[in-house]
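Dropping final-v3.cif in here (mmCIF, C-alpha atoms):
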data_query
#
loop_
_atom_site.label_atom_id
_atom_site.label_comp_id
_atom_site.auth_asym_id
_atom_site.auth_seq_id
_atom_site.Cartn_x
_atom_site.Cartn_y
_atom_site.Cartn_z
CA LEU G 423 -59.44 20.98 -32.51
CA MET G 424 -62.42 18.89 -31.54
CA GLU G 425 -65.73 20.73 -31.55
CA LEU G 426 -67.11 20.95 -28.01
CA GLU G 427 -70.35 22.59 -26.96
CA ALA G 428 -69.96 25.78 -24.95
CA LEU G 429 -71.96 25.08 -21.82
CA THR G 430 -71.50 28.45 -20.10
CA LYS G 431 -74.78 30.15 -19.10
CA GLU G 432 -75.33 33.89 -19.09
CA ASP G 433 -76.97 34.07 -15.66
CA PRO G 434 -76.23 31.98 -12.57
CA GLN G 435 -78.83 29.29 -11.89
CA PRO G 436 -79.49 27.32 -8.71
CA ILE G 437 -76.80 24.66 -8.62
CA SER G 438 -77.30 21.11 -7.42
CA ARG G 439 -74.36 19.10 -6.20
CA GLU G 440 -75.99 15.86 -7.32
CA VAL G 441 -73.77 14.23 -9.94
CA SER G 442 -75.57 12.85 -12.98
CA ASP G 443 -75.02 9.33 -14.31
CA GLU G 444 -73.56 10.86 -17.47
CA VAL G 445 -70.86 12.61 -15.47
CA ARG G 446 -70.28 9.59 -13.23
CA ASN G 447 -69.61 7.47 -16.32
CA PHE G 448 -67.35 10.02 -18.04
CA HIS G 449 -63.67 9.05 -18.18
CA GLY G 450 -61.76 12.29 -17.94
CA ILE G 451 -62.16 15.70 -16.31
CA CYS G 452 -65.66 17.12 -16.15
CA ALA G 453 -66.66 20.50 -14.72
CA GLU G 454 -70.31 21.56 -14.42
CA ASP G 455 -71.41 25.09 -13.54
CA ILE G 456 -68.29 26.04 -11.57
CA SER G 457 -68.63 29.46 -9.95
CA PHE G 458 -66.31 31.16 -7.50
CA SER G 459 -66.19 34.65 -6.00
CA TYR G 460 -63.61 36.34 -3.81
CA ASP G 461 -64.46 39.48 -1.81
CA ARG G 462 -67.59 39.93 -3.93
CA ASP G 463 -65.54 39.78 -7.12
CA VAL G 464 -66.78 37.08 -9.49
CA ILE G 465 -63.77 35.07 -10.69
CA LEU G 466 -65.52 32.10 -12.34
CA LYS G 467 -69.16 32.04 -13.46
CA ASN G 468 -70.94 28.82 -14.43
CA ALA G 469 -67.85 27.35 -16.10
CA SER G 470 -68.46 23.96 -17.71
CA PHE G 471 -66.26 21.71 -19.83
CA LYS G 472 -65.52 18.06 -20.49
CA LEU G 473 -62.05 16.80 -21.31
CA PRO G 474 -61.69 13.09 -22.15
CA ARG G 475 -58.93 10.99 -20.65
CA GLY G 476 -55.64 11.53 -22.51
CA ALA G 477 -56.72 14.78 -24.17
CA PHE G 478 -54.64 17.96 -24.30
CA ALA G 479 -56.31 21.29 -23.51
CA VAL G 480 -54.87 24.79 -23.38
CA VAL G 481 -56.47 27.48 -21.17
CA THR G 482 -56.29 30.96 -22.67
CA GLY G 483 -57.46 34.43 -21.69
CA PRO G 484 -56.18 37.85 -20.58
CA SER G 485 -53.87 38.17 -17.57
CA GLY G 486 -55.75 38.20 -14.27
CA ILE G 487 -58.88 36.62 -15.76
CA GLY G 488 -58.83 33.58 -13.45
CA LYS G 489 -56.88 30.93 -15.36
CA SER G 490 -54.80 30.03 -12.31
CA THR G 491 -57.95 30.11 -10.16
CA LEU G 492 -59.43 27.40 -12.37
CA LEU G 493 -56.37 25.24 -11.75
CA LYS G 494 -56.66 25.87 -8.01
CA VAL G 495 -60.22 24.55 -8.10
CA LEU G 496 -59.09 21.46 -10.01
CA THR G 497 -56.34 20.79 -7.44
CA LYS G 498 -58.46 21.36 -4.30
CA GLN G 499 -56.56 24.50 -3.33
CA ILE G 500 -59.96 26.20 -3.55
CA ASN G 501 -62.88 24.21 -2.13
CA ASP G 502 -65.63 26.80 -1.53
CA TYR G 503 -66.85 26.86 -5.14
CA ASP G 504 -70.32 26.15 -6.46
CA GLY G 505 -70.84 23.39 -9.00
CA VAL G 506 -69.34 19.97 -9.57
CA VAL G 507 -65.91 18.78 -10.68
CA CYS G 508 -65.40 15.09 -11.41
CA LEU G 509 -62.21 13.20 -12.22
CA HIS G 510 -62.88 9.91 -13.98
CA GLY G 511 -66.40 9.79 -12.56
CA ARG G 512 -65.55 10.73 -8.97
CA GLU G 513 -66.48 14.08 -7.49
CA LEU G 514 -63.38 16.04 -6.58
CA LYS G 515 -64.62 16.76 -3.08
CA GLU G 516 -64.80 13.02 -2.43
CA ILE G 517 -61.10 12.61 -3.26
CA SER G 518 -58.48 13.34 -0.60
CA SER G 519 -55.57 15.63 -1.48
CA CYS G 520 -53.18 12.74 -0.86
CA GLU G 521 -55.04 10.52 -3.32
CA LEU G 522 -55.36 13.34 -5.84
CA PHE G 523 -51.65 14.07 -5.95
CA LYS G 524 -50.82 10.41 -6.57
CA THR G 525 -52.47 10.74 -9.97
CA CYS G 526 -52.27 14.48 -10.65
CA GLY G 527 -49.11 16.52 -11.17
CA ILE G 528 -49.19 20.30 -10.76
CA ILE G 529 -46.42 22.25 -12.43
CA PRO G 530 -46.57 25.99 -11.59
CA GLN G 531 -44.74 28.72 -13.46
CA ASN G 532 -42.05 28.73 -10.79
CA ALA G 533 -41.94 25.07 -9.84
CA GLU G 534 -40.01 24.35 -6.67
CA ILE G 535 -36.35 23.48 -7.13
CA PHE G 536 -34.54 22.36 -4.01
CA GLU G 537 -31.07 23.31 -2.83
CA ASP G 538 -29.78 19.87 -3.72
CA THR G 539 -28.30 17.93 -6.63
CA ILE G 540 -29.97 17.71 -10.02
CA LEU G 541 -30.35 13.98 -9.37
CA ASN G 542 -32.35 14.50 -6.19
CA ASN G 543 -34.40 17.27 -7.77
CA ILE G 544 -35.45 14.83 -10.50
CA THR G 545 -36.08 11.71 -8.43
CA LEU G 546 -37.46 13.46 -5.32
CA GLY G 547 -36.18 10.64 -3.15
CA MET G 548 -37.75 7.86 -5.18
CA PRO G 549 -35.74 4.68 -5.80
CA ILE G 550 -33.35 5.23 -8.70
CA ASP G 551 -34.17 3.44 -11.92
CA GLN G 552 -31.02 4.01 -13.97
CA GLN G 553 -32.58 3.48 -17.39
CA ARG G 554 -35.59 5.63 -16.64
CA LEU G 555 -33.26 8.31 -15.29
CA LEU G 556 -31.16 8.28 -18.46
CA ASP G 557 -34.33 8.45 -20.55
CA ALA G 558 -35.53 11.42 -18.49
CA LEU G 559 -32.24 13.26 -18.99
CA LYS G 560 -32.33 12.63 -22.73
CA PHE G 561 -35.94 13.73 -22.92
CA ALA G 562 -35.21 16.99 -21.10
CA GLY G 563 -31.91 17.65 -22.86
CA LEU G 564 -29.81 17.49 -19.68
CA PRO G 565 -26.25 16.09 -19.78
CA GLU G 566 -25.60 13.05 -17.60
CA ASP G 567 -22.34 14.48 -16.27
CA ARG G 568 -24.25 17.23 -14.42
CA LEU G 569 -26.41 14.88 -12.35
CA HIS G 570 -24.45 15.46 -9.14
CA GLU G 571 -24.12 19.20 -9.63
CA LYS G 572 -25.82 21.01 -6.77
CA VAL G 573 -28.38 23.77 -7.17
CA THR G 574 -27.29 26.66 -4.98
CA GLU G 575 -29.47 28.93 -2.88
CA ASN G 576 -32.01 30.84 -5.00
CA CYS G 577 -30.98 28.67 -7.99
CA SER G 578 -28.51 31.38 -8.96
CA ASN G 579 -26.16 28.96 -10.75
CA PHE G 580 -28.80 27.82 -13.25
CA SER G 581 -30.64 29.69 -15.98
CA GLY G 582 -34.43 29.70 -16.21
CA GLY G 583 -34.25 27.32 -19.15
CA GLU G 584 -32.05 24.87 -17.25
CA LEU G 585 -34.42 24.88 -14.29
CA GLN G 586 -37.37 24.15 -16.57
CA ARG G 587 -35.45 21.22 -18.05
CA ILE G 588 -35.00 19.81 -14.55
CA ILE G 589 -38.76 20.06 -14.04
CA LEU G 590 -39.30 18.38 -17.41
CA ALA G 591 -37.01 15.50 -16.41
CA ARG G 592 -38.90 15.22 -13.09
CA MET G 593 -42.20 14.93 -14.98
CA PHE G 594 -40.80 12.18 -17.20
CA TYR G 595 -39.24 10.26 -14.30
CA ASN G 596 -42.44 10.21 -12.24
CA PRO G 597 -45.34 10.37 -14.74
CA LYS G 598 -48.90 11.16 -13.60
CA GLN G 599 -52.28 10.43 -15.16
CA ILE G 600 -53.13 14.15 -15.17
CA TYR G 601 -50.89 17.20 -15.51
CA LEU G 602 -51.98 20.77 -14.76
CA LEU G 603 -49.42 23.23 -16.10
CA ASP G 604 -49.53 26.90 -15.11
CA GLU G 605 -47.54 29.08 -17.53
CA VAL G 606 -44.60 26.65 -17.40
CA VAL G 607 -42.83 28.26 -20.37
CA SER G 608 -43.67 31.85 -19.53
CA GLY G 609 -40.61 34.09 -19.59
CA LEU G 610 -38.51 31.66 -21.62
CA GLN G 611 -37.10 32.46 -25.04
CA TYR G 612 -39.45 31.50 -27.87
CA GLU G 613 -37.44 28.58 -29.26
CA LEU G 614 -36.82 27.04 -25.82
CA ALA G 615 -40.47 27.49 -24.85
CA LYS G 616 -41.56 25.80 -28.07
CA TYR G 617 -39.12 22.92 -27.48
CA ILE G 618 -40.36 22.28 -23.93
CA GLU G 619 -44.05 22.51 -24.86
CA ASN G 620 -43.58 20.22 -27.86
CA SER G 621 -41.62 17.74 -25.73
CA ILE G 622 -44.51 17.52 -23.26
CA LEU G 623 -47.22 17.12 -25.89
CA ASP G 624 -45.25 14.63 -27.98
CA SER G 625 -44.10 12.38 -25.14
CA PHE G 626 -46.91 12.12 -22.60
CA GLU G 627 -50.13 10.12 -22.78
CA SER G 628 -51.50 11.91 -19.72
CA THR G 629 -54.46 14.26 -19.67
CA ILE G 630 -52.91 17.74 -19.82
CA ILE G 631 -54.41 21.14 -19.06
CA ASN G 632 -51.94 23.90 -19.85
CA VAL G 633 -52.50 27.54 -18.92
CA SER G 634 -50.75 29.65 -21.53
CA HIS G 635 -50.75 33.21 -22.82
CA ARG G 636 -49.09 32.11 -26.07
CA THR G 637 -51.78 31.27 -28.61
CA ASP G 638 -50.01 32.17 -31.84
CA THR G 639 -47.54 29.29 -32.01
CA PRO G 640 -47.61 26.13 -34.20
CA THR G 641 -47.84 24.12 -30.97
CA MET G 642 -51.51 25.14 -30.67
CA GLN G 643 -52.35 22.65 -33.42
CA LYS G 644 -51.42 19.79 -31.09
CA TYR G 645 -54.13 20.61 -28.56
CA ASP G 646 -57.44 18.78 -28.67
CA ALA G 647 -59.36 21.63 -27.09
CA VAL G 648 -59.09 25.30 -26.14
CA ILE G 649 -60.67 26.51 -22.90
CA ASN G 650 -61.15 30.23 -23.44
CA MET G 651 -61.75 32.41 -20.38
CA ASN G 652 -63.49 35.70 -21.06
CA LEU G 653 -63.81 39.11 -19.45
CA ASP G 654 -67.36 38.27 -18.34
CA ASN G 655 -65.88 35.51 -16.14
CA SER G 656 -67.31 32.80 -18.39
CA VAL G 657 -65.52 29.83 -19.92
CA HIS G 658 -66.00 28.54 -23.47
CA MET G 659 -64.65 25.51 -25.31
#
Show the structure stored in the file as structure tokens.
Amino acid sequence: LMELEALTKEDPQPISREVSDEVRNFHGICAEDISFSYDRDVILKNASFKLPRGAFAVVTGPSGIGKSTLLKVLTKQINDYDGVVCLHGRELKEISSCELFKTCGIIPQNAEIFEDTILNNITLGMPIDQQRLLDALKFAGLPEDRLHEKVTENCSNFSGGELQRIILARMFYNPKQIYLLDEVVSGLQYELAKYIENSILDSFESTIINVSHRTDTPTMQKYDAVINMNLDNSVHM
């Protein structure tokens, strides 16, 4: 893992929203002094990290510590935070949600699967590129002969592992520059979880931030950085 300076401060300091030239010229994801409170509860306190373009980072920490909150800040679901977040030199608050989601893919633990065919769940209405579709199926380990099989209400005719493979094929078919993954393999059997996580890290050149509670697997060696969230609401790299 690359050695990165822990920039978290013990006590909150007055925060300026002025973005430095260093941050403006940084190609990747940069967070400076991010703080957020909800109903007087401090969720994030002066969190700072830099993740270069194309790097893989895993976010770790106890349940309920604010890992998903950090992702919500990065995806503009939470806007009333203090501090600065920049993506490739642009402050997040200057980027519209529409523009953000053209380059950033968010994959939650229970990603949305529609009551439709596997084909439509993968392509999401995009024009069909047959070769790219076949490559996506191979990548995710899905058989071609199931493409027109329909997902029923509540996805009751598919296992959790099969649904995650559909999401994996969707990621491959429509790649993004940045992926934010929120416990995408949580609840899956160990071997399947390892397969899916390895597939993502081995096959994508995107910048990836993956929230995970599994830190004792060989897959951890493939990450460039660990963002560790602590009980004092601080973040260390």
*Distance of CA of Ala591 (chain G) from CA of Asn542 (chain G), expressed in Å to one decimal place*: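 Interatomic distance here is 11.3 Å.
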*Surrounding residues of Ala562 (chain G) excluding itself and chain neighbours under 2 positions, 6 Å, all atoms listed in the file, as JSON, numbers by chain*: {"G": [559, 560, 564, 587, 590, 591]}
*Which one of G:Leu623, G:Ile535, G:Ile451, G:Ala477 sits closest to Met642 (chain G) if you count only C-alpha atoms?*
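Smallest distance to Met642 (chain G) is found for G:Leu623.
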_I need the residue nearest His635 (chain G) from this list: G:Ile517, G:Ile500, G:Val495, G:Val480. Use all atoms listed in the file for the distance._
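Using all atoms listed in the file, His635 (chain G) sits closest to G:Val480.
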_Once the PyMOL selection byres ((chain G and resi 636) around 12) has been evaluated on this model, what residues remain selected, and can you format them as an MDAnalysis selection string?_
chainID G and resid 480:485 605:610 612 615:616 619 632:635 637:642
Store the residues picked out above, limited to C-alpha atoms, as an mmCIF file, in the coordinates of the input.
data_model
loop_
_atom_site.group_PDB
_atom_site.id
_atom_site.type_symbol
_atom_site.label_atom_id
_atom_site.label_comp_id
_atom_site.auth_asym_id
_atom_site.auth_seq_id
_atom_site.Cartn_x
_atom_site.Cartn_y
_atom_site.Cartn_z
ATOM 1 C CA VAL G 480 -54.870 24.790 -23.380
ATOM 2 C CA VAL G 481 -56.470 27.480 -21.170
ATOM 3 C CA THR G 482 -56.290 30.960 -22.670
ATOM 4 C CA GLY G 483 -57.460 34.430 -21.690
ATOM 5 C CA PRO G 484 -56.180 37.850 -20.580
ATOM 6 C CA SER G 485 -53.870 38.170 -17.570
ATOM 7 C CA GLU G 605 -47.540 29.080 -17.530
ATOM 8 C CA VAL G 606 -44.600 26.650 -17.400
ATOM 9 C CA VAL G 607 -42.830 28.260 -20.370
ATOM 10 C CA SER G 608 -43.670 31.850 -19.530
ATOM 11 C CA GLY G 609 -40.610 34.090 -19.590
ATOM 12 C CA LEU G 610 -38.510 31.660 -21.620
ATOM 13 C CA TYR G 612 -39.450 31.500 -27.870
ATOM 14 C CA ALA G 615 -40.470 27.490 -24.850
ATOM 15 C CA LYS G 616 -41.560 25.800 -28.070
ATOM 16 C CA GLU G 619 -44.050 22.510 -24.860
ATOM 17 C CA ASN G 632 -51.940 23.900 -19.850
ATOM 18 C CA VAL G 633 -52.500 27.540 -18.920
ATOM 19 C CA SER G 634 -50.750 29.650 -21.530
ATOM 20 C CA HIS G 635 -50.750 33.210 -22.820
ATOM 21 C CA THR G 637 -51.780 31.270 -28.610
ATOM 22 C CA ASP G 638 -50.010 32.170 -31.840
ATOM 23 C CA THR G 639 -47.540 29.290 -32.010
ATOM 24 C CA PRO G 640 -47.610 26.130 -34.200
ATOM 25 C CA THR G 641 -47.840 24.120 -30.970
ATOM 26 C CA MET G 642 -51.510 25.140 -30.670
#
_Residue among G:Ile465, G:Leu522, G:Ile540, G:Ile588 lying closest to Met651 (chain G), counting only C-alpha atoms_ =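 When distances to Met651 (chain G) are compared using only C-alpha atoms, the smallest one comes from G:Ile465.
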*Which one is closest to Glu521 (chain G): G:Lys598, G:Arg554, G:Arg462, G:His570? Count only C-alpha atoms.*
G:Lys598
*Enter the distance from CA of His510 (chain G) to CA of Phe448 (chain G), in Å, rounded to one decimal.*
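Between these atoms lies a distance of 6.0 Å.
The closest residue to Asp504 (chain G), picked from G:Ile600, G:Leu466, G:Val648, G:Ile630 and counting all atoms listed in the file, is G:Leu466.
Pairwise distance (CA of Ser457 (chain G), CA of Gly505 (chain G)) equals 6.5 Å.
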_Evaluate the PyMOL selection byres ((chain G and resi 571-582) around 6) and report residues as a list of chain:residue names_ =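 Taken on the displayed file, the PyMOL selection byres ((chain G and resi 571-582) around 6) yields the residues G:Glu537, G:Asp538, G:Thr539, G:Arg568, G:Leu569, G:His570, G:Gly583, G:Glu584, G:Leu585.
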*Give as a list in words the residues that the PyMOL selection byres ((chain G and resi 529) around 9) matches when applied to the coordinates above.*
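Given this file, the PyMOL selection byres ((chain G and resi 529) around 9) evaluates to Gly527, Ile528, Pro530, Gln531, Asn532, Ala533, Glu534, Ile589, Met593, Tyr601, Leu602, Leu603, Asp604, Glu605 and Val606 of chain G.
Considering the residues G:Ala558, G:Leu546, G:Ile487, G:Ala479 and counting all atoms listed in the file, Val464 (chain G) has its shortest atom-to-atom contact with G:Ile487.
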Centre, edges in Å (one decimal): axis-aligned box, region 607-624 of chain G, 3 Å padding on all six sides, as lines of an AutoDock Vina configuration file:
center_x = -42.0
center_y = 24.4
center_z = -24.4
size_x = 16.4
size_y = 25.5
size_z = 15.7
